[in-house]
>>> print(open('input31.pdb').read())   # PDB, C-alpha atoms and all ligand atoms
ATOM      1  CA  MET A   1      35.049-106.219  55.189
ATOM      2  CA  THR A   2      31.593-104.704  54.939
ATOM      3  CA  VAL A   3      30.928-101.688  57.123
ATOM      4  CA  GLY A   4      27.317-100.534  57.104
ATOM      5  CA  ARG A   5      25.818 -97.645  59.006
ATOM      6  CA  PHE A   6      22.741 -96.105  60.573
ATOM      7  CA  ALA A   7      22.718 -92.325  60.127
ATOM      8  CA  PRO A   8      19.483 -91.046  61.646
ATOM      9  CA  SER A   9      18.663 -87.366  62.067
ATOM     10  CA  PRO A  10      17.041 -87.080  65.482
ATOM     11  CA  SER A  11      14.598 -84.311  64.629
ATOM     12  CA  GLY A  12      11.691 -86.248  66.092
ATOM     13  CA  ARG A  13      10.707 -89.698  67.194
ATOM     14  CA  ILE A  14      11.904 -92.533  64.968
ATOM     15  CA  HIS A  15       9.178 -93.702  62.548
ATOM     16  CA  LEU A  16       8.561 -96.825  60.530
ATOM     17  CA  GLY A  17      10.584 -95.532  57.573
ATOM     18  CA  ASN A  18      13.640 -94.952  59.789
ATOM     19  CA  ILE A  19      13.155 -98.353  61.387
ATOM     20  CA  LEU A  20      12.993-100.075  58.008
ATOM     21  CA  CYS A  21      16.144 -98.203  56.998
ATOM     22  CA  CYS A  22      18.050 -99.362  60.066
ATOM     23  CA  LEU A  23      16.714-102.904  59.731
ATOM     24  CA  LEU A  24      17.794-103.199  56.079
ATOM     25  CA  ALA A  25      21.201-101.620  56.763
ATOM     26  CA  TRP A  26      21.700-104.018  59.673
ATOM     27  CA  LEU A  27      20.602-107.119  57.743
ATOM     28  CA  SER A  28      22.601-106.217  54.644
ATOM     29  CA  ALA A  29      25.844-105.711  56.589
ATOM     30  CA  ARG A  30      25.363-108.515  59.117
ATOM     31  CA  GLN A  31      24.500-111.067  56.447
ATOM     32  CA  LYS A  32      27.967-110.482  54.990
ATOM     33  CA  GLY A  33      29.586-110.703  58.428
ATOM     34  CA  GLY A  34      30.054-106.940  58.450
ATOM     35  CA  THR A  35      29.967-104.331  61.180
ATOM     36  CA  ILE A  36      27.684-101.337  61.780
ATOM     37  CA  VAL A  37      28.427 -97.729  62.648
ATOM     38  CA  LEU A  38      25.800 -95.560  64.320
ATOM     39  CA  ARG A  39      26.246 -91.888  63.525
ATOM     40  CA  ILE A  40      23.826 -89.278  64.800
ATOM     41  CA  GLU A  41      23.189 -86.659  62.093
ATOM     42  CA  ASP A  42      22.399 -83.741  64.354
ATOM     43  CA  LEU A  43      24.041 -80.939  62.376
ATOM     44  CA  ASP A  44      20.900 -78.901  62.818
ATOM     45  CA  THR A  45      21.233 -78.707  66.575
ATOM     46  CA  ALA A  46      18.135 -76.521  66.951
ATOM     47  CA  ARG A  47      15.965 -79.184  65.335
ATOM     48  CA  CYS A  48      17.874 -82.139  66.793
ATOM     49  CA  PRO A  49      18.146 -81.740  70.553
ATOM     50  CA  MET A  50      20.155 -84.309  72.473
ATOM     51  CA  ARG A  51      17.101 -85.808  74.136
ATOM     52  CA  TYR A  52      15.790 -86.903  70.727
ATOM     53  CA  ALA A  53      19.110 -88.568  69.969
ATOM     54  CA  GLU A  54      19.033 -90.345  73.315
ATOM     55  CA  GLN A  55      15.504 -91.518  72.643
ATOM     56  CA  MET A  56      16.517 -92.761  69.200
ATOM     57  CA  ILE A  57      19.379 -94.746  70.718
ATOM     58  CA  ARG A  58      16.987 -96.323  73.241
ATOM     59  CA  ASP A  59      14.566 -97.156  70.427
ATOM     60  CA  LEU A  60      17.286 -98.871  68.389
ATOM     61  CA  ARG A  61      18.262-100.904  71.447
ATOM     62  CA  TRP A  62      14.636-101.858  72.030
ATOM     63  CA  LEU A  63      14.409-102.992  68.408
ATOM     64  CA  GLY A  64      17.463-105.198  68.935
ATOM     65  CA  LEU A  65      19.482-103.455  66.216
ATOM     66  CA  ASP A  66      22.999-103.219  67.566
ATOM     67  CA  TRP A  67      26.096-101.363  66.355
ATOM     68  CA  ASP A  68      29.825-101.826  66.737
ATOM     69  CA  GLN A  69      30.936 -98.195  66.610
ATOM     70  CA  GLY A  70      28.938 -95.232  67.774
ATOM     71  CA  PRO A  71      27.369 -93.640  70.823
ATOM     72  CA  GLU A  72      27.583 -95.786  73.969
ATOM     73  CA  VAL A  73      30.112 -98.204  72.448
ATOM     74  CA  SER A  74      32.631 -95.633  71.121
ATOM     75  CA  GLY A  75      35.206 -96.697  68.509
ATOM     76  CA  PRO A  76      38.180 -95.467  66.536
ATOM     77  CA  ASN A  77      36.286 -92.789  64.625
ATOM     78  CA  LYS A  78      34.634 -90.871  67.426
ATOM     79  CA  PRO A  79      32.877 -88.587  67.990
ATOM     80  CA  TYR A  80      29.738 -90.100  66.461
ATOM     81  CA  PHE A  81      27.600 -86.968  66.643
ATOM     82  CA  GLN A  82      27.899 -84.744  63.599
ATOM     83  CA  SER A  83      27.459 -81.679  65.786
ATOM     84  CA  GLN A  84      30.868 -82.535  67.287
ATOM     85  CA  ARG A  85      32.653 -83.121  63.989
ATOM     86  CA  THR A  86      32.590 -79.670  62.453
ATOM     87  CA  ALA A  87      36.410 -79.352  62.380
ATOM     88  CA  LEU A  88      36.479 -82.227  59.879
ATOM     89  CA  TYR A  89      33.877 -80.553  57.662
ATOM     90  CA  GLN A  90      35.841 -77.314  57.804
ATOM     91  CA  ALA A  91      39.003 -79.148  56.723
ATOM     92  CA  ALA A  92      37.149 -80.634  53.739
ATOM     93  CA  LEU A  93      35.732 -77.229  52.881
ATOM     94  CA  ASP A  94      39.258 -75.783  52.965
ATOM     95  CA  ARG A  95      40.400 -78.434  50.493
ATOM     96  CA  LEU A  96      37.572 -77.562  48.127
ATOM     97  CA  GLU A  97      38.287 -73.859  48.532
ATOM     98  CA  ALA A  98      41.935 -74.470  47.672
ATOM     99  CA  GLN A  99      40.709 -75.955  44.383
ATOM    100  CA  GLY A 100      38.896 -72.694  43.598
ATOM    101  CA  LEU A 101      35.522 -74.404  43.562
ATOM    102  CA  VAL A 102      33.755 -72.663  46.419
ATOM    103  CA  TYR A 103      32.081 -69.266  46.258
ATOM    104  CA  PRO A 104      29.921 -67.164  48.559
ATOM    105  CA  CYS A 105      26.210 -66.932  47.792
ATOM    106  CA  PHE A 106      24.246 -63.976  49.117
ATOM    107  CA  CYS A 107      20.821 -64.971  47.814
ATOM    108  CA  THR A 108      17.951 -64.862  50.248
ATOM    109  CA  ARG A 109      15.424 -67.652  50.359
ATOM    110  CA  ALA A 110      12.934 -65.504  48.436
ATOM    111  CA  GLU A 111      15.523 -64.673  45.760
ATOM    112  CA  LEU A 112      16.433 -68.317  45.383
ATOM    113  CA  HIS A 113      12.836 -69.203  44.961
ATOM    114  CA  ALA A 114      12.206 -66.522  42.381
ATOM    115  CA  ALA A 115      15.328 -67.271  40.330
ATOM    116  CA  SER A 116      15.225 -71.021  40.372
ATOM    117  CA  ALA A 117      14.152 -73.341  37.645
ATOM    118  CA  PRO A 118      10.978 -75.354  38.304
ATOM    119  CA  HIS A 119      11.148 -77.430  41.446
ATOM    120  CA  ARG A 120      12.114 -81.006  41.090
ATOM    121  CA  GLU A 121      10.041 -83.859  42.344
ATOM    122  CA  ASP A 122      12.228 -84.173  45.458
ATOM    123  CA  GLY A 123      11.759 -80.526  46.413
ATOM    124  CA  LEU A 124      15.238 -79.408  45.351
ATOM    125  CA  THR A 125      15.346 -76.168  43.434
ATOM    126  CA  VAL A 126      17.973 -75.883  40.739
ATOM    127  CA  TYR A 127      20.288 -73.012  41.647
ATOM    128  CA  ALA A 128      20.377 -70.443  38.861
ATOM    129  CA  GLY A 129      24.007 -69.447  39.478
ATOM    130  CA  THR A 130      23.151 -65.875  40.527
ATOM    131  CA  CYS A 131      26.261 -65.408  42.701
ATOM    132  CA  ARG A 132      28.602 -67.635  40.692
ATOM    133  CA  ASN A 133      30.441 -64.906  38.839
ATOM    134  CA  LEU A 134      30.306 -61.919  41.164
ATOM    135  CA  THR A 135      33.426 -59.757  41.066
ATOM    136  CA  PRO A 136      35.556 -59.462  44.224
ATOM    137  CA  ALA A 137      34.196 -55.925  44.673
ATOM    138  CA  GLU A 138      30.595 -57.116  44.415
ATOM    139  CA  ARG A 139      31.299 -59.849  46.954
ATOM    140  CA  GLU A 140      32.833 -57.415  49.349
ATOM    141  CA  GLU A 141      29.939 -55.035  49.030
ATOM    142  CA  ARG A 142      27.331 -57.741  49.592
ATOM    143  CA  ALA A 143      29.258 -59.258  52.490
ATOM    144  CA  ARG A 144      28.835 -56.000  54.363
ATOM    145  CA  ARG A 145      25.101 -56.521  54.411
ATOM    146  CA  ARG A 146      24.710 -60.248  54.670
ATOM    147  CA  SER A 147      26.806 -63.223  55.697
ATOM    148  CA  PRO A 148      26.985 -65.592  52.769
ATOM    149  CA  ALA A 149      26.283 -69.262  52.339
ATOM    150  CA  LEU A 150      28.982 -71.228  50.510
ATOM    151  CA  ARG A 151      28.329 -73.124  47.301
ATOM    152  CA  LEU A 152      30.285 -75.621  45.278
ATOM    153  CA  ARG A 153      30.677 -75.133  41.538
ATOM    154  CA  VAL A 154      29.427 -78.185  39.694
ATOM    155  CA  PRO A 155      30.675 -79.259  36.280
ATOM    156  CA  ASP A 156      28.578 -79.398  33.151
ATOM    157  CA  LYS A 157      28.685 -83.136  33.335
ATOM    158  CA  GLU A 158      26.613 -86.189  34.047
ATOM    159  CA  TYR A 159      27.401 -88.331  37.067
ATOM    160  CA  SER A 160      26.248 -91.901  36.814
ATOM    161  CA  PHE A 161      26.459 -94.869  39.090
ATOM    162  CA  THR A 162      24.866 -98.245  39.568
ATOM    163  CA  ASP A 163      22.776 -98.422  42.660
ATOM    164  CA  GLY A 164      22.933-101.763  44.433
ATOM    165  CA  HIS A 165      19.150-102.088  44.355
ATOM    166  CA  MET A 166      17.715 -99.501  41.976
ATOM    167  CA  GLY A 167      20.203-100.145  39.144
ATOM    168  CA  PRO A 168      21.714 -97.513  36.836
ATOM    169  CA  CYS A 169      21.119 -93.885  37.881
ATOM    170  CA  ALA A 170      22.457 -90.640  36.465
ATOM    171  CA  GLU A 171      22.177 -86.921  36.992
ATOM    172  CA  HIS A 172      23.532 -84.004  35.075
ATOM    173  CA  LEU A 173      24.830 -81.844  37.902
ATOM    174  CA  ALA A 174      24.745 -78.441  36.220
ATOM    175  CA  ARG A 175      21.336 -78.936  34.630
ATOM    176  CA  ASP A 176      19.484 -80.952  37.263
ATOM    177  CA  CYS A 177      20.953 -79.559  40.444
ATOM    178  CA  GLY A 178      23.170 -76.529  39.985
ATOM    179  CA  ASP A 179      25.889 -75.337  42.349
ATOM    180  CA  PHE A 180      24.929 -76.765  45.713
ATOM    181  CA  LEU A 181      25.342 -75.654  49.301
ATOM    182  CA  LEU A 182      28.292 -76.680  51.424
ATOM    183  CA  ARG A 183      27.571 -74.343  54.305
ATOM    184  CA  ARG A 184      24.529 -72.299  55.141
ATOM    185  CA  SER A 185      24.691 -68.581  55.848
ATOM    186  CA  ASP A 186      24.320 -69.299  59.582
ATOM    187  CA  GLY A 187      27.470 -71.436  59.475
ATOM    188  CA  MET A 188      25.785 -74.837  59.516
ATOM    189  CA  PHE A 189      27.520 -77.347  57.264
ATOM    190  CA  ALA A 190      25.363 -78.991  54.637
ATOM    191  CA  TYR A 191      24.295 -82.603  54.817
ATOM    192  CA  GLN A 192      25.956 -83.405  51.463
ATOM    193  CA  LEU A 193      29.398 -82.423  52.700
ATOM    194  CA  ALA A 194      29.086 -83.895  56.185
ATOM    195  CA  VAL A 195      27.780 -87.250  55.020
ATOM    196  CA  VAL A 196      30.636 -87.732  52.551
ATOM    197  CA  VAL A 197      33.318 -86.698  55.031
ATOM    198  CA  ASP A 198      31.885 -88.982  57.704
ATOM    199  CA  ASP A 199      31.143 -92.058  55.641
ATOM    200  CA  ALA A 200      34.701 -91.920  54.310
ATOM    201  CA  ALA A 201      36.284 -91.202  57.712
ATOM    202  CA  MET A 202      34.322 -94.012  59.339
ATOM    203  CA  GLY A 203      35.300 -96.537  56.691
ATOM    204  CA  VAL A 204      31.714 -97.153  55.577
ATOM    205  CA  THR A 205      31.620 -99.480  52.574
ATOM    206  CA  GLU A 206      27.859 -99.662  52.031
ATOM    207  CA  VAL A 207      25.233 -96.993  52.424
ATOM    208  CA  VAL A 208      21.678 -98.293  52.731
ATOM    209  CA  ARG A 209      19.040 -95.562  52.710
ATOM    210  CA  GLY A 210      15.654 -94.567  51.355
ATOM    211  CA  ALA A 211      15.133 -93.729  47.708
ATOM    212  CA  ASP A 212      14.445 -90.104  48.628
ATOM    213  CA  LEU A 213      18.239 -89.742  48.806
ATOM    214  CA  LEU A 214      18.926 -91.391  45.447
ATOM    215  CA  SER A 215      19.131 -87.985  43.778
ATOM    216  CA  SER A 216      21.686 -86.773  46.350
ATOM    217  CA  THR A 217      24.093 -89.520  45.362
ATOM    218  CA  PRO A 218      25.568 -87.855  42.232
ATOM    219  CA  ARG A 219      26.393 -84.751  44.301
ATOM    220  CA  GLN A 220      28.039 -86.953  46.888
ATOM    221  CA  LEU A 221      30.005 -88.828  44.230
ATOM    222  CA  TYR A 222      31.289 -85.510  42.918
ATOM    223  CA  LEU A 223      32.449 -84.624  46.449
ATOM    224  CA  TYR A 224      34.151 -88.011  46.863
ATOM    225  CA  GLN A 225      36.024 -87.330  43.656
ATOM    226  CA  LEU A 226      37.095 -83.808  44.613
ATOM    227  CA  LEU A 227      38.213 -84.891  48.071
ATOM    228  CA  GLY A 228      40.111 -87.904  46.724
ATOM    229  CA  LEU A 229      38.000 -90.335  48.753
ATOM    230  CA  THR A 230      36.704 -93.780  47.811
ATOM    231  CA  PRO A 231      32.904 -93.896  47.650
ATOM    232  CA  PRO A 232      30.950 -96.714  49.289
ATOM    233  CA  GLU A 233      28.413 -98.860  47.489
ATOM    234  CA  PHE A 234      25.013 -97.157  47.507
ATOM    235  CA  ILE A 235      21.878 -99.225  48.022
ATOM    236  CA  HIS A 236      18.566 -97.353  48.014
ATOM    237  CA  PHE A 237      15.308 -98.988  49.011
ATOM    238  CA  PRO A 238      11.723 -97.937  48.254
ATOM    239  CA  LEU A 239       9.984 -95.472  50.523
ATOM    240  CA  LEU A 240       7.234 -96.353  52.916
ATOM    241  CA  LEU A 241       4.103 -94.316  52.286
ATOM    242  CA  ALA A 242       1.242 -93.639  54.649
ATOM    243  CA  PRO A 243      -2.003 -95.509  53.822
ATOM    244  CA  ASP A 244      -3.239 -92.452  51.874
ATOM    245  CA  GLY A 245      -0.081 -92.369  49.733
ATOM    246  CA  ARG A 246       1.677 -89.465  51.471
ATOM    247  CA  ARG A 247       5.348 -89.660  52.369
ATOM    248  CA  LEU A 248       5.890 -90.605  56.009
ATOM    249  CA  SER A 249       7.407 -87.904  58.115
ATOM    250  CA  LYS A 250       8.528 -87.609  61.698
ATOM    251  CA  ARG A 251       5.297 -85.740  62.297
ATOM    252  CA  ASP A 252       3.261 -88.832  61.445
ATOM    253  CA  THR A 253       2.557 -89.770  64.992
ATOM    254  CA  ASP A 254       0.664 -92.891  63.957
ATOM    255  CA  ALA A 255       3.820 -94.275  62.365
ATOM    256  CA  GLY A 256       6.076 -93.090  65.177
ATOM    257  CA  LEU A 257       7.420 -95.376  67.818
ATOM    258  CA  ASP A 258       5.753 -93.307  70.524
ATOM    259  CA  SER A 259       2.362 -94.698  69.750
ATOM    260  CA  LEU A 260       3.621 -98.149  68.816
ATOM    261  CA  ARG A 261       5.922 -99.116  71.661
ATOM    262  CA  GLY A 262       3.180 -99.707  74.155
ATOM    263  CA  ARG A 263       1.106-101.768  71.737
ATOM    264  CA  VAL A 264       3.493-104.075  69.880
ATOM    265  CA  THR A 265       6.636-105.988  70.644
ATOM    266  CA  ALA A 266       9.841-105.269  68.731
ATOM    267  CA  GLU A 267       9.530-108.681  67.067
ATOM    268  CA  GLU A 268       5.960-107.993  65.927
ATOM    269  CA  LEU A 269       7.060-104.688  64.471
ATOM    270  CA  LEU A 270      10.102-106.081  62.653
ATOM    271  CA  GLY A 271       8.134-109.104  61.397
ATOM    272  CA  ARG A 272       5.439-106.908  59.845
ATOM    273  CA  LEU A 273       7.938-104.466  58.360
ATOM    274  CA  ALA A 274       9.919-107.332  56.856
ATOM    275  CA  GLU A 275       6.704-108.716  55.378
ATOM    276  CA  LEU A 276       5.847-105.328  53.831
ATOM    277  CA  ALA A 277       9.390-105.110  52.487
ATOM    278  CA  GLY A 278       8.841-108.416  50.723
ATOM    279  CA  PHE A 279      11.234-110.834  52.382
ATOM    280  CA  HIS A 280       9.237-112.328  55.247
ATOM    281  CA  PRO A 281       5.957-113.580  53.754
ATOM    282  CA  SER A 282       4.503-114.989  56.985
ATOM    283  CA  GLY A 283       4.653-111.614  58.741
ATOM    284  CA  GLU A 284       5.214-113.566  61.969
ATOM    285  CA  PRO A 285       7.045-111.827  64.803
ATOM    286  CA  ALA A 286      10.792-112.154  64.309
ATOM    287  CA  SER A 287      13.960-110.650  65.708
ATOM    288  CA  ALA A 288      16.466-109.010  63.379
ATOM    289  CA  GLU A 289      18.729-112.011  63.944
ATOM    290  CA  GLU A 290      15.948-114.381  62.883
ATOM    291  CA  LEU A 291      15.309-112.379  59.711
ATOM    292  CA  LEU A 292      18.898-112.815  58.543
ATOM    293  CA  GLY A 293      18.095-116.156  56.895
ATOM    294  CA  GLU A 294      15.256-114.754  54.776
ATOM    295  CA  PHE A 295      16.627-111.321  53.905
ATOM    296  CA  SER A 296      17.667-110.756  50.314
ATOM    297  CA  TRP A 297      17.747-107.536  48.268
ATOM    298  CA  GLU A 298      16.231-109.458  45.366
ATOM    299  CA  ARG A 299      12.993-109.914  47.288
ATOM    300  CA  ILE A 300      12.543-106.219  48.020
ATOM    301  CA  PRO A 301      10.417-104.248  45.534
ATOM    302  CA  ARG A 302      11.655-101.142  43.742
ATOM    303  CA  GLU A 303       8.372 -99.251  43.937
ATOM    304  CA  ASP A 304       7.199 -97.342  47.022
ATOM    305  CA  ILE A 305       5.497 -99.454  49.663
ATOM    306  CA  ARG A 306       2.163 -98.236  50.963
ATOM    307  CA  LEU A 307       1.432 -99.091  54.584
ATOM    308  CA  PRO A 308      -1.919-100.803  55.073
ATOM    309  CA  ALA A 309      -4.430 -98.857  57.144
ATOM    310  CA  GLY A 310      -4.628 -99.929  60.777
ATOM    311  CA  LEU A 311      -1.325-101.789  60.626
ATOM    312  CA  PHE A 312      -0.960-102.343  64.355
ATOM    313  CA  GLU A 313      -4.496-101.884  65.578
TER     314      GLU A 313
HETATM  315  N1  LIG B   1      20.398 -88.370  58.186
HETATM  316  C1  LIG B   1      19.651 -88.697  57.021
HETATM  317  C2  LIG B   1      18.208 -88.959  57.390
HETATM  318  O1  LIG B   1      17.915 -89.285  58.526
HETATM  319  C3  LIG B   1      20.178 -89.923  56.309
HETATM  320  C4  LIG B   1      21.389 -89.625  55.566
HETATM  321  C5  LIG B   1      21.935 -90.766  54.754
HETATM  322  O2  LIG B   1      21.557 -91.927  54.966
HETATM  323  O3  LIG B   1      22.774 -90.504  53.903
HETATM  324  O4  LIG B   1      17.365 -88.841  56.536
END
>>> encode(input="input31.pdb", output="structure tokens", more="lines below")
Ligand code: GLU
Amino acid sequence: MTVGRFAPSPSGRIHLGNILCCLLAWLSARQKGGTIVLRIEDLDTARCPMRYAEQMIRDLRWLGLDWDQGPEVSGPNKPYFQSQRTALYQAALDRLEAQGLVYPCFCTRAELHAASAPHREDGLTVYAGTCRNLTPAEREERARRRSPALRLRVPDKEYSFTDGHMGPCAEHLARDCGDFLLRRSDGMFAYQLAVVVDDAAMGVTEVVRGADLLSSTPRQLYLYQLLGLTPPEFIHFPLLLAPDGRRLSKRDTDAGLDSLRGRVTAEELLGRLAELAGFHPSGEPASAEELLGEFSWERIPREDIRLPAGLFE
């Protein structure tokens, strides 16, 4: 049975990109008779206060996108807030440590910046391996001055997969990414680890998300392999861009639900988004349920989608 999921990070008000993500995840799973998990990715509790999560939940309800497991409905895999699941991430970290693949990294942000290879398009800097081969004595000495982050050793190997929408994708982990973070120096677990642990624990079989996370997928596949877990199918969809071509962010108030909720109905919003995403040519107001008949991954483009100016004016 298909199990899809919404995994928003409530670091601000939900915006059109998040809404499209939830809509596509919902349609893709529901069309196959599947269920949906809602998981709140609030690992960064300073940036993701509970009131934002509560607002996000209200917004999803207003949009008519429902879920079968998650906040307010509970389920067998609770809790559904990542901030309450850290014991599971620690257990996974212990398993990786037992395999001798984890090491402490004492680099400061400035050092990382200076030592890294040129930045990639997605903003990731390739870790130069500075702390990879420190001796136990060097580690001990550095640990007296600074609490370390933890990194995972990556193999000199290419990870490839076939994305359900974008097709074949590959990344050479050592060359294109480098040893990546599992836990920050302040103790916060990294997204890559948490998302793998949770998707597996929650029985998620398909991950629908924006193409900005396509390049995270090889790292996640490596973690699935090391932890002996079965990966879901990955389906990445094109990003929504602001009318001037910039990436949408939670700071884009014009694309946030704050400014939209008073001016449009949920059906108007979903109808227009579905039109922009290529599977609802009339653009007429429609509920998520009504869009089920028209939705098909084949109709969705693979290139970024630019929002027209004055979309809901
Ligand atoms: N929490 C992430 C975000 O809101 C999504 C993670 C994922 O879908 O894997 O961008």
>>> closest_residue(input="input31.pdb", among="A:Glu140, A:Glu233, A:Asp304, A:Glu275", to="ligand LIG 1 (chain B)", atoms="all atoms listed in the file")
A:Glu233
>>> closest_atom_pairs(input="input31.pdb", of="chain A", to="ligand LIG 1 (chain B)", cutoff="8 Å", atoms="all atoms listed in the file", output="CSV")
residue,atom,partner,partner_atom,distance
A:Phe6,CA,B:LIG1,O2,7.1
A:Ala7,CA,B:LIG1,N1,5.0
A:Pro8,CA,B:LIG1,O1,3.9
A:Ser9,CA,B:LIG1,O1,4.1
A:Pro10,CA,B:LIG1,O1,7.3
A:Asn18,CA,B:LIG1,O1,7.2
A:Ile40,CA,B:LIG1,N1,7.5
A:Glu41,CA,B:LIG1,N1,5.1
A:Asp42,CA,B:LIG1,N1,8.0
A:Tyr191,CA,B:LIG1,C4,7.6
A:Val195,CA,B:LIG1,O3,6.1
A:Val207,CA,B:LIG1,O2,6.8
A:Val208,CA,B:LIG1,O2,6.7
A:Arg209,CA,B:LIG1,O2,5.0
A:Gly210,CA,B:LIG1,O2,7.4
A:Leu213,CA,B:LIG1,O3,6.9
>>> closest_residue(input="input31.pdb", among="A:Gly34, A:Pro231, A:Gly283, A:Gly17", to="Phe161 of chain A", atoms="only C-alpha atoms")
A:Pro231
>>> resolve_selection(input="input31.pdb", expression="the PyMOL selection byres (((chain A and resi 189) around 12) and not hetatm)", output="VMD selection string")
chain A and resid 41 to 45 82 to 93 149 to 151 180 to 188 190 to 197
>>> residues_around(input="input31.pdb", residues="Phe279 of chain A", least_positions_apart="5", cutoff="9 Å", atoms="all atoms listed in the file", output="PyMOL selection string")
chain A and resi 274+291+294-300
>>> residues_around(input="input31.pdb", residues="Ala115 of chain A", least_positions_apart="3", cutoff="8 Å", atoms="only C-alpha atoms", output="count of residues only")
5
>>> residues_around(input="input31.pdb", residues="Arg263 of chain A", least_positions_apart="4", cutoff="12 Å", atoms="all atoms listed in the file", output="JSON, numbers by chain")
{"A": [254, 256, 257, 258, 259, 267, 268, 269, 311, 312, 313]}
>>> closest_residue(input="input31.pdb", among="A:Ser216, A:Gln31, A:Thr230, A:Thr108", to="Arg145 of chain A", atoms="only C-alpha atoms")
A:Thr108
>>> closest_residue(input="input31.pdb", among="A:Ala29, A:Cys131, A:Met166, A:Ala143", to="Gly178 of chain A", atoms="only C-alpha atoms")
A:Cys131
>>> residues_around(input="input31.pdb", residues="Pro71 of chain A", least_positions_apart="3", cutoff="12 Å", atoms="all atoms listed in the file", output="list in words")
Phe6, Ala7, Ile36, Val37, Leu38, Arg39, Ile40, Glu41, Met50, Ala53, Glu54, Met56, Ile57, Arg58, Leu60, Arg61, Asp66, Trp67, Asp68, Ser74, Gly75, Pro76, Asn77, Lys78, Pro79, Tyr80, Phe81 and Gln82 of chain A
>>> atom_distance(input="input31.pdb", atom1="atom CA of His172 of chain A", atom2="atom CA of Tyr159 of chain A")
6.1 Å
>>> closest_residue(input="input31.pdb", among="A:Ile305, A:Gly245, A:Leu292, A:Thr162", to="Leu276 of chain A", atoms="only C-alpha atoms")
A:Ile305
>>> atom_distance(input="input31.pdb", atom1="atom CA of Gly271 of chain A", atom2="atom CA of Met1 of chain A")
27.8 Å
>>> atom_distance(input="input31.pdb", atom1="atom CA of Phe106 of chain A", atom2="atom CA of Pro148 of chain A")
4.8 Å
